[in-house]
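Heads up, the thing below is written out as structure tokens.
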Amino acid sequence: MKLFTNRPIASLLVFSCCLTTPALASDVLVSADFNVGQGFNYLVDDQCYVLTPNHVMGTATSANVMLPTRQYHTADVTHVFDVDMAILKADIPAAQCNRNTFLQVSDLNKLLEVYQNGVLKTRLADGSVLQTKIVISAVDDSEFLAIKPERADEPFKQGYSGSILFVAEQAAGVLLEVDDAGGIVYRADALTAMLNKHFDISSNEEASENTTDKAADGDAETTTNSHLAGRLATNQIKDYSVKMQENSPVEFVLTELDSDSVKFAIQILDKRENELFEDSFWSNRAYSFAFTPPRTDEFTVRVIGLQDFGKFDIKMNDFSFDAELRGAGNQLEIPGNIRVKIAPNAVAEYPFNGEANSPAEFTLNEVAGSSFKYALHIIDSAGNELYKDSFWSNRNYTYAFTPQQNDAYTVRLIGLQGYGQTDINVSQWNTNTALTGAQNVVAAGDIVTNKIADNAVAEYRMMMTANAPIDFKLESQSLSTKFRLEVIDETGEVRYSDSFWSGNNSRFVFTPLSSDVHIIRITGLQRHGTFYFKLFDYD
């Protein structure tokens with residue numbers, strides 16, 4: 001039995017759909033008359049179509065569409081579905097029309113039986129992607145889902161409608177209706193069936209055959225999604241002029257060929273013939289690399305025959321866009337995650353609000369089947385670099401960063417070697433309230449334990465009596481961190497100070513010189529972990 005009826009959809013302003021990579025939201029922004037929405041590309045027989053909600057078009061028969069590269073094209077309405085969706089025929093070149101049919105989950109019903117949470121992804125005006133965590137509140141077996149925001153302070157807004165719902169990082173549907181209670185999602189399997197029927201596509205395999213990339217040859221325009229293929233002999237040179245966007249990495253995939261083997265070089269040159277990239281390859285081996293343009297300009301991709309003769313096959317793909325790497329949608333909420341496609345010399349930035357003395361833990365998860373190196377920096381609002389280190393994606397790593405003041409900070413990732421997608425979880429390791437709050441009052445017989453990190457400070461107040469020693473017994477913990485322990489009297493003078501590793505058992509006895517409230521202060525020095533000690537009266 002259906003939970004929802006197929007009714008007209010109102011208040012729908014934004015439409016977006018999935019790419020073959022779930023980190024993205026939509027292919028284009030659509031504007032018609034006074035309406036603005038989003039759409040996704042659909043390539044059939046070398047013709048690029050755009051799907052967008054029909055209400056976005058309103059009474060208009062044509063629209064302007066903007067690619068993530070901020071290039072503008074036009075599109076005309078060719079068909080309207082019963083569901084609030086329309087097909088537009090666009091003048092986007094086939095090479096720039098990502099052949100992105102809606103990513104259908106193999107068995108969406110089983111996926112929805114396991115997961116009740118997801119992420120709603122909406123592309124913003126600058127091309128970046130806003131992610132909103134949601135809860136699935138009801139499921140229709142054939143067409144619809146009901147969702148609501150996970151956080152009450154993050155309600156759906158005008159402009160969210162049409163965003164894509166991702167469940168377990170797979171596209172599960174399109175948000176069709178928004179109200180104060182939540183939203184209604186049109187399921188991915190229903191949308192896929194509707195598109196296949198309209199375009200007379202019997203299967204995803206047939207769709208792939210219909211959308212095979214064409215080689216860039218003759219006078220055809222070469223773009224960052226072109227297919228470079230042909231024959232090459234020793235000392236022969238083939239140049240391709242390609243317009244590339246600043247900080248928008250382009251992937252080069254070299255297909256292994258079984259025919260005559262030729263060794264060739266690939267060079268990437270700027271307009272002044274400065275060589276920005278050079279490497280050599282054999283055509284009988286598969287290889288891939290990514291190049292990040294330092295600015296928006298025309299570049300030359302040069303293929304040079306070095307040894308023997310034969311065929312070469314090079315496919316260029318847009319790997320990621322500057323708008324996605326540094327866009328307004330990259331605001332990091334804690335807890336949250338950073339999953340971004342990074343390449344050599346590419347820069348991704350994620351702003352976040354940090355609270356003084358409230359450490360955040362960064363967990364860098366191993367990325368299976370991938371090995372690339374990148375740097376991670378943390379910068380304050382004044383541009384001061386507070387943290388810097390480099391990591392390999394095929395290793396697990398954790399560290400904690402403690403803000404020294406309430407401020408806006410930025411996590412900056414810079415690709416160093418190889419390319420791939422990061423998987424970084426950011427969580428709140430501890431808070432200033434837990435570390436220094438009014439509840440931190442202790443007495444003899446108490447256990448004092450808390451989580452500490454580099455530069456974080458924990459404070460506990462204790463009434464001590466002159467000439468009545470206090471026994472501190474520090475017990476080892478599994479997460480070993482180095483910290484300084486100080487005892488400060490009522491005048492603010494440090495009466496005891498020493499450093500310890502929480503992985504070791506230690507003990508000392510402190511004798512107060514006055515009868516008053518003393519401060520026990522613990523300051524993180526190295527790594528992050530837990531300290532644990534017991535307080536006793538020393539007889």
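Following the order of the structure tokens, chains are lettered A, B, ..., residues in each are numbered from 1, and ligands are numbered from 1.
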Determine, counting only C-alpha atoms, which protein, DNA and RNA residues have an atom within 7 Å of an atom of stretch 400-413 of chain A; residues of the same chain fewer than 4 positions away are not included. Present the result as number ranges by chain.
A: 347-362, 374-381, 453-456, 528
So that I can check the surroundings of stretch 458-463 of chain A, please list as a list in words every protein, DNA and RNA residue that reaches within 6 Å of it, counting only C-alpha atoms and ignoring chain neighbours fewer than 5 positions away.
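Those residues are Leu435, Thr436, Asn440, Val441, Val442, Ala443, Asp516, Val517, His518, Ile519, Ile520, Arg521 and Ile522 of chain A.
Counting from atom CA of A:Tyr399, the distance to atom CA of A:Thr363 is 6.8 Å.
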All helix (DSSP H, G or I) positions in stretch 279-481 of chain A, as a VMD selection string
chain A and resid 322 to 326 328 to 330 432 to 436
Report as a list in words all protein, DNA and RNA residues lying within 6 Å of A:Asn396, evaluated on only C-alpha atoms, omitting residues in the same chain fewer than 2 positions from it.
Leu364, Asn365 and Glu366 of chain A
